[in-house]
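Coordinates from run.txt are shown below (compact mmCIF, N, CA and C atoms).
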# COMPACT_ATOMS: atom_id res chain seq x y z
N MET A 1 0.83 -1.19 0.00
CA MET A 1 0.00 0.00 0.00
C MET A 1 0.87 1.24 0.00
N ARG A 2 0.37 2.26 -0.65
CA ARG A 2 1.09 3.54 -0.66
C ARG A 2 0.81 4.28 0.64
N PRO A 3 1.81 4.96 1.18
CA PRO A 3 1.61 5.69 2.44
C PRO A 3 0.48 6.72 2.35
N GLY A 4 0.33 7.38 1.23
CA GLY A 4 -0.74 8.37 1.09
C GLY A 4 -2.12 7.77 1.27
N ARG A 5 -2.33 6.60 0.73
CA ARG A 5 -3.62 5.93 0.83
C ARG A 5 -3.91 5.52 2.27
N LEU A 6 -2.93 5.02 2.94
CA LEU A 6 -3.11 4.64 4.33
C LEU A 6 -3.51 5.85 5.18
N ALA A 7 -2.89 6.98 4.92
CA ALA A 7 -3.23 8.20 5.67
C ALA A 7 -4.66 8.61 5.41
N VAL A 8 -5.15 8.47 4.18
CA VAL A 8 -6.53 8.82 3.87
C VAL A 8 -7.48 7.90 4.61
N ILE A 9 -7.18 6.64 4.65
CA ILE A 9 -8.04 5.69 5.37
C ILE A 9 -8.06 6.04 6.85
N PHE A 10 -6.94 6.36 7.44
CA PHE A 10 -6.86 6.75 8.85
C PHE A 10 -7.72 7.97 9.13
N LEU A 11 -7.62 8.98 8.28
CA LEU A 11 -8.39 10.20 8.50
C LEU A 11 -9.88 9.95 8.40
N VAL A 12 -10.28 9.07 7.52
CA VAL A 12 -11.70 8.76 7.37
C VAL A 12 -12.19 7.99 8.59
N MET A 13 -11.36 7.14 9.15
CA MET A 13 -11.78 6.30 10.28
C MET A 13 -11.69 7.02 11.62
N ALA A 14 -10.87 8.03 11.74
CA ALA A 14 -10.64 8.67 13.03
C ALA A 14 -11.91 9.18 13.71
N PRO A 15 -12.81 9.90 13.00
CA PRO A 15 -14.00 10.39 13.71
C PRO A 15 -14.88 9.26 14.23
N GLN A 16 -14.93 8.14 13.55
CA GLN A 16 -15.77 7.03 13.99
C GLN A 16 -15.19 6.33 15.21
N SER A 17 -13.90 6.45 15.43
CA SER A 17 -13.28 5.75 16.53
C SER A 17 -13.30 6.55 17.84
N GLN A 18 -13.82 7.77 17.82
CA GLN A 18 -13.86 8.57 19.03
C GLN A 18 -14.84 7.95 20.02
N LEU A 19 -14.48 7.98 21.29
CA LEU A 19 -15.33 7.40 22.32
C LEU A 19 -16.42 8.39 22.73
N ILE A 20 -17.58 7.86 22.99
CA ILE A 20 -18.69 8.67 23.48
C ILE A 20 -18.66 8.59 25.01
N ALA A 21 -18.72 9.73 25.66
CA ALA A 21 -18.65 9.78 27.12
C ALA A 21 -19.86 9.07 27.73
N LYS A 22 -19.59 8.25 28.73
CA LYS A 22 -20.63 7.52 29.45
C LYS A 22 -21.19 8.43 30.54
N PRO A 23 -22.51 8.49 30.69
CA PRO A 23 -23.06 9.36 31.74
C PRO A 23 -22.67 8.84 33.12
N PRO A 24 -22.47 9.74 34.08
CA PRO A 24 -22.13 9.31 35.44
C PRO A 24 -23.23 8.43 36.03
N VAL A 25 -22.81 7.44 36.81
CA VAL A 25 -23.75 6.54 37.48
C VAL A 25 -23.91 6.99 38.92
N ILE A 26 -25.15 7.24 39.31
CA ILE A 26 -25.47 7.68 40.67
C ILE A 26 -26.23 6.56 41.36
N VAL A 27 -25.82 6.22 42.56
CA VAL A 27 -26.53 5.23 43.38
C VAL A 27 -27.27 5.98 44.47
N VAL A 28 -28.60 5.80 44.48
CA VAL A 28 -29.45 6.42 45.49
C VAL A 28 -29.88 5.34 46.47
N VAL A 29 -29.66 5.59 47.77
CA VAL A 29 -30.08 4.66 48.81
C VAL A 29 -31.04 5.39 49.73
N ASP A 30 -32.31 4.98 49.69
CA ASP A 30 -33.34 5.61 50.51
C ASP A 30 -34.46 4.60 50.71
N ASP A 31 -34.96 4.47 51.93
CA ASP A 31 -36.02 3.51 52.21
C ASP A 31 -37.39 3.98 51.72
N ASP A 32 -37.52 5.24 51.39
CA ASP A 32 -38.79 5.80 50.91
C ASP A 32 -38.88 5.62 49.40
N VAL A 33 -39.83 4.78 48.96
CA VAL A 33 -39.98 4.48 47.53
C VAL A 33 -40.26 5.74 46.73
N ALA A 34 -41.08 6.62 47.26
CA ALA A 34 -41.43 7.85 46.54
C ALA A 34 -40.19 8.73 46.33
N VAL A 35 -39.35 8.82 47.35
CA VAL A 35 -38.13 9.62 47.22
C VAL A 35 -37.20 8.98 46.19
N CYS A 36 -37.03 7.66 46.27
CA CYS A 36 -36.18 6.96 45.29
C CYS A 36 -36.67 7.21 43.87
N ASN A 37 -37.96 7.03 43.65
CA ASN A 37 -38.52 7.21 42.30
C ASN A 37 -38.39 8.65 41.82
N SER A 38 -38.63 9.58 42.71
CA SER A 38 -38.53 10.99 42.36
C SER A 38 -37.10 11.38 42.00
N LEU A 39 -36.14 10.93 42.83
CA LEU A 39 -34.74 11.23 42.55
C LEU A 39 -34.28 10.56 41.27
N LYS A 40 -34.70 9.32 41.07
CA LYS A 40 -34.33 8.60 39.84
C LYS A 40 -34.82 9.37 38.61
N PHE A 41 -36.07 9.79 38.65
CA PHE A 41 -36.66 10.52 37.52
C PHE A 41 -35.93 11.84 37.27
N SER A 42 -35.75 12.64 38.32
CA SER A 42 -35.14 13.96 38.12
C SER A 42 -33.67 13.86 37.74
N LEU A 43 -32.94 12.90 38.30
CA LEU A 43 -31.52 12.75 37.95
C LEU A 43 -31.35 12.21 36.53
N GLU A 44 -32.23 11.33 36.11
CA GLU A 44 -32.16 10.84 34.73
C GLU A 44 -32.46 11.96 33.73
N LEU A 45 -33.36 12.87 34.10
CA LEU A 45 -33.62 14.03 33.25
C LEU A 45 -32.37 14.90 33.11
N GLU A 46 -31.52 14.89 34.13
CA GLU A 46 -30.28 15.66 34.11
C GLU A 46 -29.15 14.92 33.38
N GLY A 47 -29.44 13.71 32.91
CA GLY A 47 -28.45 12.97 32.13
C GLY A 47 -27.65 11.93 32.89
N PHE A 48 -27.99 11.68 34.15
CA PHE A 48 -27.30 10.67 34.94
C PHE A 48 -27.93 9.30 34.73
N THR A 49 -27.16 8.26 34.93
CA THR A 49 -27.68 6.90 35.04
C THR A 49 -27.89 6.67 36.53
N VAL A 50 -29.05 6.13 36.92
CA VAL A 50 -29.38 6.02 38.35
C VAL A 50 -29.76 4.59 38.70
N ARG A 51 -29.17 4.11 39.80
CA ARG A 51 -29.57 2.82 40.38
C ARG A 51 -30.06 3.12 41.79
N THR A 52 -31.14 2.47 42.19
CA THR A 52 -31.71 2.74 43.51
C THR A 52 -31.68 1.47 44.38
N PHE A 53 -31.54 1.72 45.67
CA PHE A 53 -31.57 0.66 46.67
C PHE A 53 -32.40 1.14 47.83
N ARG A 54 -33.12 0.24 48.48
CA ARG A 54 -34.04 0.60 49.56
C ARG A 54 -33.37 0.61 50.93
N SER A 55 -32.13 0.10 51.03
CA SER A 55 -31.43 0.09 52.32
C SER A 55 -29.94 -0.09 52.09
N GLY A 56 -29.19 0.22 53.14
CA GLY A 56 -27.76 -0.01 53.08
C GLY A 56 -27.44 -1.49 52.93
N ALA A 57 -28.20 -2.32 53.64
CA ALA A 57 -27.97 -3.77 53.55
C ALA A 57 -28.20 -4.28 52.13
N GLU A 58 -29.22 -3.75 51.46
CA GLU A 58 -29.49 -4.16 50.07
C GLU A 58 -28.32 -3.78 49.16
N LEU A 59 -27.79 -2.59 49.34
CA LEU A 59 -26.65 -2.16 48.54
C LEU A 59 -25.44 -3.05 48.82
N LEU A 60 -25.16 -3.32 50.08
CA LEU A 60 -24.01 -4.15 50.43
C LEU A 60 -24.16 -5.58 49.91
N ARG A 61 -25.39 -6.10 49.93
CA ARG A 61 -25.64 -7.45 49.37
C ARG A 61 -25.40 -7.47 47.87
N ALA A 62 -25.75 -6.39 47.18
CA ALA A 62 -25.58 -6.32 45.73
C ALA A 62 -24.10 -6.44 45.37
N GLY A 63 -23.25 -5.87 46.21
CA GLY A 63 -21.83 -6.08 46.08
C GLY A 63 -21.09 -5.32 45.00
N ASN A 64 -21.74 -4.78 44.00
CA ASN A 64 -20.97 -4.06 42.97
C ASN A 64 -21.06 -2.56 43.19
N PHE A 65 -20.83 -2.14 44.43
CA PHE A 65 -20.96 -0.73 44.77
C PHE A 65 -19.77 0.11 44.32
N CYS A 66 -18.78 -0.50 43.70
CA CYS A 66 -17.64 0.26 43.19
C CYS A 66 -17.90 0.81 41.79
N ASP A 67 -18.97 0.34 41.16
CA ASP A 67 -19.26 0.73 39.78
C ASP A 67 -20.20 1.92 39.73
N CYS A 68 -19.85 2.99 40.43
CA CYS A 68 -20.66 4.21 40.36
C CYS A 68 -19.76 5.42 40.58
N ASP A 69 -20.31 6.59 40.30
CA ASP A 69 -19.55 7.82 40.41
C ASP A 69 -19.90 8.63 41.66
N CYS A 70 -21.07 8.35 42.25
CA CYS A 70 -21.50 9.10 43.43
C CYS A 70 -22.62 8.35 44.13
N PHE A 71 -22.58 8.34 45.46
CA PHE A 71 -23.67 7.80 46.27
C PHE A 71 -24.49 8.96 46.82
N VAL A 72 -25.81 8.83 46.78
CA VAL A 72 -26.71 9.76 47.46
C VAL A 72 -27.46 8.91 48.48
N VAL A 73 -27.19 9.18 49.76
CA VAL A 73 -27.65 8.29 50.82
C VAL A 73 -28.49 9.05 51.84
N ASP A 74 -29.68 8.50 52.12
CA ASP A 74 -30.53 9.07 53.16
C ASP A 74 -29.95 8.71 54.52
N GLN A 75 -29.95 9.63 55.46
CA GLN A 75 -29.42 9.37 56.79
C GLN A 75 -30.37 8.51 57.61
N ARG A 76 -31.66 8.81 57.55
CA ARG A 76 -32.61 8.15 58.44
C ARG A 76 -33.28 6.97 57.72
N MET A 77 -32.69 5.80 57.93
CA MET A 77 -33.25 4.57 57.39
C MET A 77 -33.25 3.53 58.49
N PRO A 78 -34.21 2.61 58.46
CA PRO A 78 -34.21 1.56 59.48
C PRO A 78 -33.02 0.61 59.28
N GLY A 79 -32.51 0.12 60.38
CA GLY A 79 -31.42 -0.86 60.30
C GLY A 79 -30.04 -0.24 60.29
N MET A 80 -29.73 0.54 59.26
CA MET A 80 -28.41 1.14 59.12
C MET A 80 -28.58 2.57 58.66
N SER A 81 -28.01 3.50 59.41
CA SER A 81 -28.12 4.91 59.01
C SER A 81 -27.24 5.18 57.79
N GLY A 82 -27.46 6.31 57.17
CA GLY A 82 -26.66 6.69 56.01
C GLY A 82 -25.18 6.83 56.34
N MET A 83 -24.85 7.45 57.46
CA MET A 83 -23.44 7.60 57.85
C MET A 83 -22.82 6.24 58.16
N ASP A 84 -23.60 5.34 58.76
CA ASP A 84 -23.08 3.99 59.02
C ASP A 84 -22.81 3.25 57.71
N LEU A 85 -23.69 3.42 56.72
CA LEU A 85 -23.47 2.81 55.41
C LEU A 85 -22.20 3.36 54.77
N ILE A 86 -22.04 4.66 54.81
CA ILE A 86 -20.84 5.28 54.22
C ILE A 86 -19.59 4.76 54.93
N ALA A 87 -19.64 4.62 56.25
CA ALA A 87 -18.50 4.07 57.00
C ALA A 87 -18.20 2.64 56.55
N ARG A 88 -19.24 1.85 56.34
CA ARG A 88 -19.04 0.46 55.86
C ARG A 88 -18.42 0.45 54.47
N LEU A 89 -18.86 1.36 53.59
CA LEU A 89 -18.27 1.44 52.26
C LEU A 89 -16.79 1.79 52.36
N ARG A 90 -16.45 2.73 53.23
CA ARG A 90 -15.05 3.12 53.40
C ARG A 90 -14.23 1.96 53.96
N GLU A 91 -14.83 1.13 54.83
CA GLU A 91 -14.14 -0.06 55.33
C GLU A 91 -13.82 -1.03 54.19
N HIS A 92 -14.69 -1.05 53.16
CA HIS A 92 -14.46 -1.88 51.98
C HIS A 92 -13.54 -1.19 50.97
N LYS A 93 -12.92 -0.09 51.39
CA LYS A 93 -11.99 0.68 50.54
C LYS A 93 -12.67 1.35 49.35
N VAL A 94 -13.98 1.61 49.46
CA VAL A 94 -14.71 2.33 48.43
C VAL A 94 -14.50 3.82 48.64
N LYS A 95 -13.85 4.47 47.70
CA LYS A 95 -13.51 5.89 47.82
C LYS A 95 -14.49 6.80 47.08
N THR A 96 -15.49 6.22 46.45
CA THR A 96 -16.48 6.97 45.67
C THR A 96 -17.11 8.06 46.54
N PRO A 97 -17.23 9.28 46.02
CA PRO A 97 -17.86 10.35 46.80
C PRO A 97 -19.30 9.99 47.21
N ALA A 98 -19.67 10.47 48.38
CA ALA A 98 -21.02 10.24 48.89
C ALA A 98 -21.61 11.56 49.37
N ILE A 99 -22.92 11.66 49.21
CA ILE A 99 -23.67 12.83 49.68
C ILE A 99 -24.75 12.32 50.60
N LEU A 100 -24.87 12.94 51.76
CA LEU A 100 -25.89 12.55 52.73
C LEU A 100 -27.09 13.47 52.59
N ILE A 101 -28.29 12.90 52.56
CA ILE A 101 -29.50 13.71 52.50
C ILE A 101 -30.31 13.49 53.78
N ILE A 102 -30.83 14.58 54.32
CA ILE A 102 -31.55 14.51 55.59
C ILE A 102 -32.31 15.82 55.81
N SER A 103 -33.41 15.72 56.53
CA SER A 103 -34.11 16.91 57.01
C SER A 103 -33.57 17.24 58.39
N LEU A 104 -33.23 18.48 58.60
CA LEU A 104 -32.78 18.97 59.91
C LEU A 104 -31.67 18.13 60.53
N PRO A 105 -30.46 18.19 59.98
CA PRO A 105 -29.35 17.44 60.58
C PRO A 105 -28.96 18.02 61.92
N SER A 106 -28.58 17.15 62.83
CA SER A 106 -28.11 17.62 64.15
C SER A 106 -26.69 18.17 64.00
N ASP A 107 -26.27 18.93 64.99
CA ASP A 107 -24.91 19.45 64.99
C ASP A 107 -23.90 18.30 65.01
N ALA A 108 -24.19 17.27 65.80
CA ALA A 108 -23.28 16.12 65.90
C ALA A 108 -23.13 15.42 64.55
N LEU A 109 -24.24 15.26 63.83
CA LEU A 109 -24.17 14.62 62.51
C LEU A 109 -23.40 15.50 61.53
N SER A 110 -23.62 16.79 61.58
CA SER A 110 -22.91 17.70 60.69
C SER A 110 -21.40 17.63 60.92
N VAL A 111 -21.00 17.55 62.17
CA VAL A 111 -19.57 17.45 62.50
C VAL A 111 -19.03 16.11 62.02
N ARG A 112 -19.77 15.04 62.27
CA ARG A 112 -19.32 13.70 61.84
C ARG A 112 -19.17 13.65 60.32
N ALA A 113 -20.14 14.19 59.59
CA ALA A 113 -20.07 14.19 58.13
C ALA A 113 -18.91 15.04 57.63
N ALA A 114 -18.72 16.19 58.23
CA ALA A 114 -17.62 17.07 57.82
C ALA A 114 -16.26 16.43 58.07
N THR A 115 -16.15 15.68 59.14
CA THR A 115 -14.90 15.01 59.49
C THR A 115 -14.46 14.03 58.41
N VAL A 116 -15.42 13.38 57.76
CA VAL A 116 -15.09 12.40 56.71
C VAL A 116 -15.37 12.96 55.31
N ALA A 117 -15.53 14.28 55.22
CA ALA A 117 -15.72 14.98 53.94
C ALA A 117 -16.94 14.50 53.16
N VAL A 118 -18.05 14.32 53.88
CA VAL A 118 -19.32 13.95 53.25
C VAL A 118 -20.25 15.16 53.35
N PRO A 119 -20.58 15.78 52.21
CA PRO A 119 -21.49 16.92 52.27
C PRO A 119 -22.91 16.48 52.62
N ILE A 120 -23.63 17.37 53.26
CA ILE A 120 -25.03 17.13 53.60
C ILE A 120 -25.88 18.07 52.75
N VAL A 121 -26.91 17.52 52.13
CA VAL A 121 -27.90 18.34 51.43
C VAL A 121 -29.22 18.12 52.16
N GLU A 122 -29.78 19.22 52.62
CA GLU A 122 -31.01 19.12 53.41
C GLU A 122 -32.25 18.97 52.55
N LYS A 123 -33.18 18.14 53.05
CA LYS A 123 -34.49 18.00 52.45
C LYS A 123 -35.39 19.06 53.09
N PRO A 124 -36.34 19.63 52.43
CA PRO A 124 -36.58 19.47 50.99
C PRO A 124 -35.47 20.16 50.19
N PHE A 125 -35.19 19.60 49.04
CA PHE A 125 -34.13 20.11 48.19
C PHE A 125 -34.54 21.45 47.59
N LEU A 126 -33.69 22.45 47.77
CA LEU A 126 -33.97 23.77 47.23
C LEU A 126 -33.21 23.96 45.94
N SER A 127 -33.87 24.48 44.93
CA SER A 127 -33.32 24.72 43.60
C SER A 127 -32.52 23.51 43.13
N ASN A 128 -31.29 23.70 42.74
CA ASN A 128 -30.46 22.62 42.22
C ASN A 128 -29.40 22.17 43.22
N ALA A 129 -29.64 22.35 44.50
CA ALA A 129 -28.62 22.07 45.52
C ALA A 129 -28.09 20.65 45.40
N LEU A 130 -28.96 19.65 45.28
CA LEU A 130 -28.50 18.27 45.22
C LEU A 130 -27.79 17.99 43.89
N ILE A 131 -28.36 18.44 42.81
CA ILE A 131 -27.76 18.20 41.49
C ILE A 131 -26.39 18.87 41.40
N ASP A 132 -26.26 20.07 41.94
CA ASP A 132 -24.97 20.75 41.94
C ASP A 132 -23.93 19.97 42.74
N ARG A 133 -24.33 19.46 43.89
CA ARG A 133 -23.41 18.66 44.72
C ARG A 133 -23.01 17.37 44.01
N ILE A 134 -23.97 16.75 43.33
CA ILE A 134 -23.66 15.52 42.59
C ILE A 134 -22.67 15.80 41.47
N ARG A 135 -22.89 16.87 40.75
CA ARG A 135 -21.95 17.23 39.67
C ARG A 135 -20.55 17.48 40.23
N GLU A 136 -20.46 18.20 41.34
CA GLU A 136 -19.16 18.44 41.97
C GLU A 136 -18.50 17.13 42.37
N ALA A 137 -19.28 16.24 42.96
CA ALA A 137 -18.74 14.94 43.40
C ALA A 137 -18.25 14.12 42.21
N CYS A 138 -18.99 14.15 41.12
CA CYS A 138 -18.60 13.37 39.93
C CYS A 138 -17.32 13.91 39.32
N GLN A 139 -17.07 15.20 39.45
CA GLN A 139 -15.83 15.77 38.94
C GLN A 139 -14.64 15.35 39.80
N GLN A 140 -14.88 15.08 41.07
CA GLN A 140 -13.82 14.63 41.98
C GLN A 140 -13.48 13.16 41.74
N ALA A 141 -14.47 12.39 41.32
CA ALA A 141 -14.29 10.94 41.18
C ALA A 141 -13.29 10.56 40.12

Kindly return the structure encoded in the file as structure tokens.
Amino acid sequence: MRPGRLAVIFLVMAPQSQLIAKPPVIVVVDDDVAVCNSLKFSLELEGFTVRTFRSGAELLRAGNFCDCDCFVVDQRMPGMSGMDLIARLREHKVKTPAILIISLPSDALSVRAATVAVPIVEKPFLSNALIDRIREACQQA
């Protein structure tokens, strides 16, 4: 083959070989079905891929919690709190950013979350507070 022809073939093929960016995967853990469904719907509208779990135990049983870009975890769930779930993930060496959601966090919880660099977004969500935090977390990941 002539070098000129090979170059033409390469140039024609180059645009087709470009990778398409995969949307960030967000894992939502909340025992409230309505909250899970609402967050899934609104986050998918924003272009995220969303997986939902009803409890920390369900997420831990699923076992593939490393395949996401950000966790959004409710603090008040039966069995295992959101901070306890995040601590368990960190014990498993999962470094994926996490965001805690809660209505009226206590001072003690705010300090505990800040100590491990977990932002808190208060319910009800105002404007784009949660989406902005998720985008920031995905950029860190």

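In this structure, atom CA of A:Thr52 sits 23.8 Å away from atom N of A:Ala114.
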
Could you give me, as a PDB file with N, CA and C atoms, keeping the file's coordinate frame, the residues that sit within 12 Å of (-26.1, 18.5, 44.9) in the file's coordinates, counting only C-alpha atoms?
ATOM      1  N   ILE A  26     -25.150   7.240  39.310  1.00  0.00           N
ATOM      2  CA  ILE A  26     -25.470   7.680  40.670  1.00  0.00           C
ATOM      3  C   ILE A  26     -26.230   6.560  41.360  1.00  0.00           C
ATOM      4  N   LEU A  39     -36.140  10.930  42.830  1.00  0.00           N
ATOM      5  CA  LEU A  39     -34.740  11.230  42.550  1.00  0.00           C
ATOM      6  C   LEU A  39     -34.280  10.560  41.270  1.00  0.00           C
ATOM      7  N   LEU A  43     -32.940  12.900  38.300  1.00  0.00           N
ATOM      8  CA  LEU A  43     -31.520  12.750  37.950  1.00  0.00           C
ATOM      9  C   LEU A  43     -31.350  12.210  36.530  1.00  0.00           C
ATOM     10  N   GLU A  46     -31.520  14.890  34.130  1.00  0.00           N
ATOM     11  CA  GLU A  46     -30.280  15.660  34.110  1.00  0.00           C
ATOM     12  C   GLU A  46     -29.150  14.920  33.380  1.00  0.00           C
ATOM     13  N   CYS A  70     -21.070   8.350  42.250  1.00  0.00           N
ATOM     14  CA  CYS A  70     -21.500   9.100  43.430  1.00  0.00           C
ATOM     15  C   CYS A  70     -22.620   8.350  44.130  1.00  0.00           C
ATOM     16  N   PHE A  71     -22.580   8.340  45.460  1.00  0.00           N
ATOM     17  CA  PHE A  71     -23.670   7.800  46.270  1.00  0.00           C
ATOM     18  C   PHE A  71     -24.490   8.960  46.820  1.00  0.00           C
ATOM     19  N   VAL A  72     -25.810   8.830  46.780  1.00  0.00           N
ATOM     20  CA  VAL A  72     -26.710   9.760  47.460  1.00  0.00           C
ATOM     21  C   VAL A  72     -27.460   8.910  48.480  1.00  0.00           C
ATOM     22  N   VAL A  73     -27.190   9.180  49.760  1.00  0.00           N
ATOM     23  CA  VAL A  73     -27.650   8.290  50.820  1.00  0.00           C
ATOM     24  C   VAL A  73     -28.490   9.050  51.840  1.00  0.00           C
ATOM     25  N   PRO A  97     -17.230   9.280  46.020  1.00  0.00           N
ATOM     26  CA  PRO A  97     -17.860  10.350  46.800  1.00  0.00           C
ATOM     27  C   PRO A  97     -19.300   9.990  47.210  1.00  0.00           C
ATOM     28  N   ALA A  98     -19.670  10.470  48.380  1.00  0.00           N
ATOM     29  CA  ALA A  98     -21.020  10.240  48.890  1.00  0.00           C
ATOM     30  C   ALA A  98     -21.610  11.560  49.370  1.00  0.00           C
ATOM     31  N   ILE A  99     -22.920  11.660  49.210  1.00  0.00           N
ATOM     32  CA  ILE A  99     -23.670  12.830  49.680  1.00  0.00           C
ATOM     33  C   ILE A  99     -24.750  12.320  50.600  1.00  0.00           C
ATOM     34  N   LEU A 100     -24.870  12.940  51.760  1.00  0.00           N
ATOM     35  CA  LEU A 100     -25.890  12.550  52.730  1.00  0.00           C
ATOM     36  C   LEU A 100     -27.090  13.470  52.590  1.00  0.00           C
ATOM     37  N   ILE A 101     -28.290  12.900  52.560  1.00  0.00           N
ATOM     38  CA  ILE A 101     -29.500  13.710  52.500  1.00  0.00           C
ATOM     39  C   ILE A 101     -30.310  13.490  53.780  1.00  0.00           C
ATOM     40  N   VAL A 118     -18.050  14.320  53.880  1.00  0.00           N
ATOM     41  CA  VAL A 118     -19.320  13.950  53.250  1.00  0.00           C
ATOM     42  C   VAL A 118     -20.250  15.160  53.350  1.00  0.00           C
ATOM     43  N   PRO A 119     -20.580  15.780  52.210  1.00  0.00           N
ATOM     44  CA  PRO A 119     -21.490  16.920  52.270  1.00  0.00           C
ATOM     45  C   PRO A 119     -22.910  16.480  52.620  1.00  0.00           C
ATOM     46  N   ILE A 120     -23.630  17.370  53.260  1.00  0.00           N
ATOM     47  CA  ILE A 120     -25.030  17.130  53.600  1.00  0.00           C
ATOM     48  C   ILE A 120     -25.880  18.070  52.750  1.00  0.00           C
ATOM     49  N   VAL A 121     -26.910  17.520  52.130  1.00  0.00           N
ATOM     50  CA  VAL A 121     -27.900  18.340  51.430  1.00  0.00           C
ATOM     51  C   VAL A 121     -29.220  18.120  52.160  1.00  0.00           C
ATOM     52  N   GLU A 122     -29.780  19.220  52.620  1.00  0.00           N
ATOM     53  CA  GLU A 122     -31.010  19.120  53.410  1.00  0.00           C
ATOM     54  C   GLU A 122     -32.250  18.970  52.550  1.00  0.00           C
ATOM     55  N   LYS A 123     -33.180  18.140  53.050  1.00  0.00           N
ATOM     56  CA  LYS A 123     -34.490  18.000  52.450  1.00  0.00           C
ATOM     57  C   LYS A 123     -35.390  19.060  53.090  1.00  0.00           C
ATOM     58  N   PHE A 125     -35.190  19.600  49.040  1.00  0.00           N
ATOM     59  CA  PHE A 125     -34.130  20.110  48.190  1.00  0.00           C
ATOM     60  C   PHE A 125     -34.540  21.450  47.590  1.00  0.00           C
ATOM     61  N   LEU A 126     -33.690  22.450  47.770  1.00  0.00           N
ATOM     62  CA  LEU A 126     -33.970  23.770  47.230  1.00  0.00           C
ATOM     63  C   LEU A 126     -33.210  23.960  45.940  1.00  0.00           C
ATOM     64  N   SER A 127     -33.870  24.480  44.930  1.00  0.00           N
ATOM     65  CA  SER A 127     -33.320  24.720  43.600  1.00  0.00           C
ATOM     66  C   SER A 127     -32.520  23.510  43.130  1.00  0.00           C
ATOM     67  N   ASN A 128     -31.290  23.700  42.740  1.00  0.00           N
ATOM     68  CA  ASN A 128     -30.460  22.620  42.220  1.00  0.00           C
ATOM     69  C   ASN A 128     -29.400  22.170  43.220  1.00  0.00           C
ATOM     70  N   ALA A 129     -29.640  22.350  44.500  1.00  0.00           N
ATOM     71  CA  ALA A 129     -28.620  22.070  45.520  1.00  0.00           C
ATOM     72  C   ALA A 129     -28.090  20.650  45.400  1.00  0.00           C
ATOM     73  N   LEU A 130     -28.960  19.650  45.280  1.00  0.00           N
ATOM     74  CA  LEU A 130     -28.500  18.270  45.220  1.00  0.00           C
ATOM     75  C   LEU A 130     -27.790  17.990  43.890  1.00  0.00           C
ATOM     76  N   ILE A 131     -28.360  18.440  42.810  1.00  0.00           N
ATOM     77  CA  ILE A 131     -27.760  18.200  41.490  1.00  0.00           C
ATOM     78  C   ILE A 131     -26.390  18.870  41.400  1.00  0.00           C
ATOM     79  N   ASP A 132     -26.260  20.070  41.940  1.00  0.00           N
ATOM     80  CA  ASP A 132     -24.970  20.750  41.940  1.00  0.00           C
ATOM     81  C   ASP A 132     -23.930  19.970  42.740  1.00  0.00           C
ATOM     82  N   ARG A 133     -24.330  19.460  43.890  1.00  0.00           N
ATOM     83  CA  ARG A 133     -23.410  18.660  44.720  1.00  0.00           C
ATOM     84  C   ARG A 133     -23.010  17.370  44.010  1.00  0.00           C
ATOM     85  N   ILE A 134     -23.970  16.750  43.330  1.00  0.00           N
ATOM     86  CA  ILE A 134     -23.660  15.520  42.590  1.00  0.00           C
ATOM     87  C   ILE A 134     -22.670  15.800  41.470  1.00  0.00           C
ATOM     88  N   ARG A 135     -22.890  16.870  40.750  1.00  0.00           N
ATOM     89  CA  ARG A 135     -21.950  17.230  39.670  1.00  0.00           C
ATOM     90  C   ARG A 135     -20.550  17.480  40.230  1.00  0.00           C
ATOM     91  N   GLU A 136     -20.460  18.200  41.340  1.00  0.00           N
ATOM     92  CA  GLU A 136     -19.160  18.440  41.970  1.00  0.00           C
ATOM     93  C   GLU A 136     -18.500  17.130  42.370  1.00  0.00           C
ATOM     94  N   ALA A 137     -19.280  16.240  42.960  1.00  0.00           N
ATOM     95  CA  ALA A 137     -18.740  14.940  43.400  1.00  0.00           C
ATOM     96  C   ALA A 137     -18.250  14.120  42.210  1.00  0.00           C
ATOM     97  N   CYS A 138     -18.990  14.150  41.120  1.00  0.00           N
ATOM     98  CA  CYS A 138     -18.600  13.370  39.930  1.00  0.00           C
ATOM     99  C   CYS A 138     -17.320  13.910  39.320  1.00  0.00           C
TER     100      CYS A 138
END

*Of the candidates A:Pro124, A:Cys68, A:Lys22, A:Val27, which one gets nearest to A:Lys40 if we count only C-alpha atoms?*
A:Val27

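Interatomic distance, atom C of A:Asp30 against atom C of A:Val94: 20.1 Å.
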
*DSSP says helix (DSSP H, G or I) for which residues of chain A? Put them as a ChimeraX atom specification?*
/A:3-17,33-45,56-62,82-91,107-115,129-140

*For A:Cys66, which residue out of A:Thr96, A:Glu91, A:Ser38, A:Glu44 is the nearest one, using all atoms listed in the file?*
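So, comparing all the options, the nearest one is A:Thr96.
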
*Between atom CA of A:Leu89 and atom N of A:Val35 - distance in Å to one decimal*: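 Result for atom N of A:Val35 versus atom CA of A:Leu89: 22.9 Å, one decimal.
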
*Tell me which protein, DNA and RNA residues are within 8 Å of A:Val25, counting only C-alpha atoms, leaving out same-chain ones fewer than 6 positions away, and put them as an MDAnalysis selection string.*
chainID A and resid 48:51 67:70

*If you run DSSP over the backbone, which residues in chain A end up strand (DSSP E)? Put them as a ChimeraX atom specification.*
/A:25-29,49-53,70-74,98-102,120-122
